[in-house]
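J.: The following block contains the structure, expressed as structure tokens.
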Number of protein chains: 2
Amino acid sequence: MPEISELSIARLTRVLEDFTRMHIRLPAERRLSFTTLSVLHTLAGGGPKRLTELAGSEQVTQSAITQMVTKLEREGLVERHPDPSDGRAVLVHVTAAGAAIVDGRRAERVARLSELADRLTSAERAAVAAALPALARMVELHSTAIGDPPIERGAGESDSGTDTPRDSARR
Amino acid sequence: MPEISELSIARLTRVLEDFTRMHIRLPAERRLSFTTLSVLHTLAGGGPKRLTELAGSEQVTQSAITQMVTKLEREGLVERHPDPSDGRAVLVHVTAAGAAIVDGRRAERVARLSELADRLTSAERAAVAAALPALARMVELHSTAIGDPPIERGAGESDSGTDTPRDSARR
DNA sequence: GCAACTTAATTAAGTTACTGATACAGTTTG
DNA sequence: CAAACTGTATCAGTAACTTAATTAAGTTGC
């Protein structure tokens, strides 16, 4: 156990909760459900996945994933391909249109955070920059502890339900 | 526009997205919906609110709030009281049982983050601690920009949908 | 001080995203 | 190759939403 640190976990928790709320409130153009956006994000970040894998990572039933993927396929956001290594399985791929949605939402978040960062002092920005590696490592420690595959940093991963409950509300 | 900063907003965005996902995946004992937990959190943090206020802050319709509050009242988690200053309005108060749920969930988050922080180096913890005021100020800048009332730091506020889609999934 | 408008909450009916329980095809195992 | 297992799909039911309409209380203008 490490020596006493000045870091207030309670305060960190509050701040992260607040950012979560900010992300969730981000309005959306397109009317996609919470879990749907999470699936697109997972696929865009981690590449093609089986339905069962998605069910596990999104914490909904496999049945729900089947239904959602069917809907997303109709909308042209994902595609089903057979898994060459297992005749029972299906690999869900995100399409360019699906990836564009994920990218668009991330761009909105970046824009929003940029506005806020611009209003900080340069000392404050430097403090945040200095903390980023440690925060990233906390995330990494979490995913390895949980047994998830380590987060791939090529494209995306990580949105999850970062949206308004139904993303609707503002039609 | 401020001078060039070393802060990578893109990276900050990713890290915050990851924390959001961590929070959302936090399993729950009690089976409460996403929006329900958010309402409890808002009430526990900001005190009694009208139904219309809740509808605005949760981004669902007023009708949905009416139905949810009715259900929460049956379960003893909130109470309806008349608004002395407006005969049309109702003030929704969180009960001790309701507040206990919010506190319990926060405690889980604190515990989880504590574990992770324990595994950082003391230099990393210090870096996070040094960044906390700036991160808190970003949140504050956000809420004032949005026109929300400034976040009250007496009790809570901020959870929002920080939960598994239906919080069920793991019965 | 009352008619016209606005605002707060409720109610009712419909939609959607989920769950749970099967069913079934393909894979592994003895 | 039969038995057991795994991955996906289907179906029926439920819970949380939506929109639209209703009731009641407050506000405004003359």
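Chain labels run A, B, ... following the order of the structure tokens; each chain numbers its residues from 1, and ligands are numbered from 1 in the order shown.
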Would you kindly report the residues of chain C within 12 Å of chain B, using only C-alpha atoms (C1' of nucleotides), as a PDB file with C-alpha atoms (C1' of nucleotides), in the first residue's frame?
T.:
```pdb
ATOM      1  C1'  DT C   7     -47.749  27.039 -17.121  1.00  0.00           C
ATOM      2  C1'  DA C   8     -47.655  22.568 -14.098  1.00  0.00           C
ATOM      3  C1'  DA C   9     -49.034  18.204 -13.669  1.00  0.00           C
ATOM      4  C1'  DT C  10     -51.685  14.193 -14.926  1.00  0.00           C
ATOM      5  C1'  DT C  11     -53.790  10.669 -17.840  1.00  0.00           C
ATOM      6  C1'  DA C  12     -54.236   7.650 -21.868  1.00  0.00           C
ATOM      7  C1'  DA C  17     -35.793  -1.470 -26.448  1.00  0.00           C
ATOM      8  C1'  DC C  18     -35.167  -4.482 -23.693  1.00  0.00           C
ATOM      9  C1'  DT C  19     -35.706  -9.570 -20.974  1.00  0.00           C
ATOM     10  C1'  DG C  20     -36.609 -14.523 -20.741  1.00  0.00           C
TER      11       DG C  20
END
```
J.: Can you build me a table of chain D residues sitting at most 12 Å from chain A, with the closest atom pair per residue and its distance in Å to one decimal, using only C-alpha atoms (C1' of nucleotides), sorted by chain and residue number, as a Markdown table?
T.:
```
| residue | atom | partner | partner_atom | distance |
| --- | --- | --- | --- | --- |
| D:DT6 | C1' | A:Arg88 | CA | 8.3 |
| D:DG7 | C1' | A:Ala89 | CA | 5.5 |
| D:DT8 | C1' | A:Ala89 | CA | 7.2 |
| D:DA9 | C1' | A:Thr66 | CA | 7.4 |
| D:DT10 | C1' | A:Ser63 | CA | 9.2 |
| D:DC11 | C1' | A:Ser63 | CA | 11.0 |
| D:DA16 | C1' | A:Arg166 | CA | 10.2 |
| D:DC17 | C1' | A:Arg166 | CA | 8.3 |
| D:DT18 | C1' | A:Ala169 | CA | 8.9 |
| D:DT19 | C1' | A:Ala169 | CA | 11.7 |
```
J.: Which residue, A:Glu140, A:Glu124, A:Glu115, A:Glu75, has the smallest gap to chain B when you use only C-alpha atoms?
T.: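 Closest candidate: A:Glu124.
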J.: Let me make sure I understand: among B:Glu79, B:Glu108, B:Glu73, B:Glu53, which one has the smallest atom-to-atom distance to chain A if we use only C-alpha atoms?
T.: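 Checking each candidate against chain A, we get B:Glu108 as the closest.
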J.: In Å, rounded to a single decimal, give me how far CA of Leu7 (chain A) is from CA of Arg125 (chain B).
T.: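 Answer for the CA of Arg125 (chain B) to CA of Leu7 (chain A) separation: 6.0 Å.
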J.: List every residue of region 69-99 of chain B that DSSP, applied to the backbone of this structure, places in strand (DSSP E or B), and write the result as a ChimeraX atom specification.
T.: /B:78-83,86-94
J.: Can you tell me, as a list in words, what residues are no more than 12 Å from DC2 (chain C) when counting only C-alpha atoms (C1' of nucleotides), ignoring any on the same chain fewer than 4 positions away?
T.: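 Close residues of DC2 (chain C): DT28, DG29 and DC30 of chain D.
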J.: Given the selection you just returned, output its residues as a file containing N, CA and C atoms (P, O5', C5', C4', C3', O3' and C1' of nucleotides), formatted as an mmCIF file, in the first residue's frame.
T.:
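File produced: selection02.cif:
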```
data_model
loop_
_atom_site.group_PDB
_atom_site.id
_atom_site.type_symbol
_atom_site.label_atom_id
_atom_site.label_comp_id
_atom_site.auth_asym_id
_atom_site.auth_seq_id
_atom_site.Cartn_x
_atom_site.Cartn_y
_atom_site.Cartn_z
ATOM 1 P P DT D 28 -47.780 38.694 -15.431
ATOM 2 O "O5'" DT D 28 -48.223 39.067 -16.908
ATOM 3 C "C5'" DT D 28 -48.965 38.193 -17.707
ATOM 4 C "C4'" DT D 28 -49.982 38.973 -18.536
ATOM 5 C "C3'" DT D 28 -49.957 40.479 -18.368
ATOM 6 O "O3'" DT D 28 -50.019 41.037 -19.678
ATOM 7 C "C1'" DT D 28 -52.145 39.654 -17.996
ATOM 8 P P DG D 29 -49.899 42.612 -19.968
ATOM 9 O "O5'" DG D 29 -51.384 42.970 -20.451
ATOM 10 C "C5'" DG D 29 -51.990 42.180 -21.482
ATOM 11 C "C4'" DG D 29 -53.373 42.713 -21.767
ATOM 12 C "C3'" DG D 29 -53.463 44.229 -21.718
ATOM 13 O "O3'" DG D 29 -54.427 44.637 -22.662
ATOM 14 C "C1'" DG D 29 -54.872 43.341 -20.050
ATOM 15 P P DC D 30 -54.458 46.169 -23.227
ATOM 16 O "O5'" DC D 30 -55.970 46.626 -23.006
ATOM 17 C "C5'" DC D 30 -57.021 45.780 -23.453
ATOM 18 C "C4'" DC D 30 -58.212 45.915 -22.511
ATOM 19 C "C3'" DC D 30 -58.603 47.370 -22.213
ATOM 20 O "O3'" DC D 30 -59.892 47.639 -22.732
ATOM 21 C "C1'" DC D 30 -58.612 46.044 -20.234
#
```
J.: Please indicate the distance in Å from CA of His93 (chain A) to CA of Lys49 (chain A), rounded to one decimal place.
T.: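 If I compute the distance from CA of His93 (chain A) to CA of Lys49 (chain A), I get 7.1 Å.
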J.: Taking only C-alpha atoms into account and nothing else, which residues of chain A lie no more than 6 Å away from chain B? Please answer as number ranges by chain.
T.: A: 7, 15, 17-18, 20-21, 59-60, 116, 124, 127-129, 131, 134, 136, 138, 158-160, 169
J.: Okay, now the selection with N, CA and C atoms, as a PDB file, in the first residue's frame?
T.:
```
ATOM      1  N   LEU A   7      -4.039  13.076  -3.097  1.00  0.00           N
ATOM      2  CA  LEU A   7      -5.156  12.952  -4.029  1.00  0.00           C
ATOM      3  C   LEU A   7      -6.450  12.607  -3.293  1.00  0.00           C
ATOM      4  N   VAL A  15     -15.740  14.863  -9.811  1.00  0.00           N
ATOM      5  CA  VAL A  15     -15.395  15.518 -11.078  1.00  0.00           C
ATOM      6  C   VAL A  15     -15.680  14.592 -12.254  1.00  0.00           C
ATOM      7  N   GLU A  17     -17.796  12.143 -12.332  1.00  0.00           N
ATOM      8  CA  GLU A  17     -19.256  12.037 -12.473  1.00  0.00           C
ATOM      9  C   GLU A  17     -19.794  13.218 -13.268  1.00  0.00           C
ATOM     10  N   ASP A  18     -19.256  14.380 -12.981  1.00  0.00           N
ATOM     11  CA  ASP A  18     -19.720  15.569 -13.695  1.00  0.00           C
ATOM     12  C   ASP A  18     -19.404  15.487 -15.190  1.00  0.00           C
ATOM     13  N   THR A  20     -19.070  12.782 -16.862  1.00  0.00           N
ATOM     14  CA  THR A  20     -19.975  11.777 -17.393  1.00  0.00           C
ATOM     15  C   THR A  20     -21.312  12.416 -17.740  1.00  0.00           C
ATOM     16  N   ARG A  21     -21.801  13.213 -16.829  1.00  0.00           N
ATOM     17  CA  ARG A  21     -23.088  13.870 -17.084  1.00  0.00           C
ATOM     18  C   ARG A  21     -22.991  14.789 -18.299  1.00  0.00           C
ATOM     19  N   GLN A  59     -23.293  -5.433 -21.797  1.00  0.00           N
ATOM     20  CA  GLN A  59     -24.113  -5.852 -20.668  1.00  0.00           C
ATOM     21  C   GLN A  59     -25.609  -5.849 -20.965  1.00  0.00           C
ATOM     22  N   VAL A  60     -25.949  -6.291 -22.139  1.00  0.00           N
ATOM     23  CA  VAL A  60     -27.351  -6.588 -22.422  1.00  0.00           C
ATOM     24  C   VAL A  60     -27.389  -8.035 -22.892  1.00  0.00           C
ATOM     25  N   LEU A 116     -14.013  24.718 -23.367  1.00  0.00           N
ATOM     26  CA  LEU A 116     -13.800  24.847 -21.927  1.00  0.00           C
ATOM     27  C   LEU A 116     -12.315  25.039 -21.616  1.00  0.00           C
ATOM     28  N   GLU A 124      -3.437  26.053 -15.684  1.00  0.00           N
ATOM     29  CA  GLU A 124      -4.444  25.006 -15.483  1.00  0.00           C
ATOM     30  C   GLU A 124      -4.362  23.966 -16.604  1.00  0.00           C
ATOM     31  N   ALA A 127      -1.566  21.733 -16.027  1.00  0.00           N
ATOM     32  CA  ALA A 127      -1.819  20.759 -14.953  1.00  0.00           C
ATOM     33  C   ALA A 127      -2.634  19.586 -15.479  1.00  0.00           C
ATOM     34  N   VAL A 128      -3.623  19.893 -16.298  1.00  0.00           N
ATOM     35  CA  VAL A 128      -4.434  18.815 -16.872  1.00  0.00           C
ATOM     36  C   VAL A 128      -3.572  17.955 -17.789  1.00  0.00           C
ATOM     37  N   ALA A 129      -2.776  18.599 -18.609  1.00  0.00           N
ATOM     38  CA  ALA A 129      -1.901  17.852 -19.518  1.00  0.00           C
ATOM     39  C   ALA A 129      -0.963  16.933 -18.733  1.00  0.00           C
ATOM     40  N   ALA A 131      -1.516  15.542 -15.969  1.00  0.00           N
ATOM     41  CA  ALA A 131      -2.238  14.448 -15.316  1.00  0.00           C
ATOM     42  C   ALA A 131      -2.729  13.396 -16.309  1.00  0.00           C
ATOM     43  N   ALA A 134      -1.376   9.766 -16.215  1.00  0.00           N
ATOM     44  CA  ALA A 134      -1.810   9.027 -15.032  1.00  0.00           C
ATOM     45  C   ALA A 134      -3.271   8.615 -15.158  1.00  0.00           C
ATOM     46  N   ALA A 136      -4.904   8.110 -17.913  1.00  0.00           N
ATOM     47  CA  ALA A 136      -4.968   7.046 -18.915  1.00  0.00           C
ATOM     48  C   ALA A 136      -4.536   5.718 -18.304  1.00  0.00           C
ATOM     49  N   MET A 138      -4.908   4.841 -15.210  1.00  0.00           N
ATOM     50  CA  MET A 138      -5.988   4.335 -14.361  1.00  0.00           C
ATOM     51  C   MET A 138      -6.995   3.551 -15.208  1.00  0.00           C
ATOM     52  N   SER A 158     -14.658   3.084 -26.238  1.00  0.00           N
ATOM     53  CA  SER A 158     -14.860   3.837 -25.002  1.00  0.00           C
ATOM     54  C   SER A 158     -16.103   4.692 -24.853  1.00  0.00           C
ATOM     55  N   ASP A 159     -16.848   4.901 -25.873  1.00  0.00           N
ATOM     56  CA  ASP A 159     -18.000   5.774 -25.685  1.00  0.00           C
ATOM     57  C   ASP A 159     -18.981   5.190 -24.702  1.00  0.00           C
ATOM     58  N   SER A 160     -19.378   3.989 -24.956  1.00  0.00           N
ATOM     59  CA  SER A 160     -20.419   3.362 -24.181  1.00  0.00           C
ATOM     60  C   SER A 160     -21.665   4.200 -24.266  1.00  0.00           C
ATOM     61  N   ALA A 169     -35.483  12.960 -27.189  1.00  0.00           N
ATOM     62  CA  ALA A 169     -35.782  14.102 -26.341  1.00  0.00           C
ATOM     63  C   ALA A 169     -35.781  15.400 -27.139  1.00  0.00           C
TER      64      ALA A 169
END
```
J.: What does the structure give for the distance between CA of Thr95 (chain B) and CA of Leu26 (chain B), in Å to one decimal?
T.: 23.3 Å
J.: My list of candidates is D:DA25, D:DA12, D:DA2, D:DA20. Which is closest to DG14 (chain C) when distances are computed with only C-alpha atoms (C1' of nucleotides)?
T.: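 Answer, going by the shortest atom-to-atom distance: D:DA20.
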J.: From region 14-122 of chain A, collect each residue whose DSSP state is helix (DSSP H, G or I) and return the set as a PyMOL selection string.
T.: chain A and resi 14-24+34-46+51-58+62-74+96-118+122
J.: Point out the residue among B:Val39, B:Val94, B:Leu72, B:Val102 with the least atom-to-atom distance to Leu54 (chain B), counting only C-alpha atoms.
T.: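 Answer, going by the shortest atom-to-atom distance: B:Val39.
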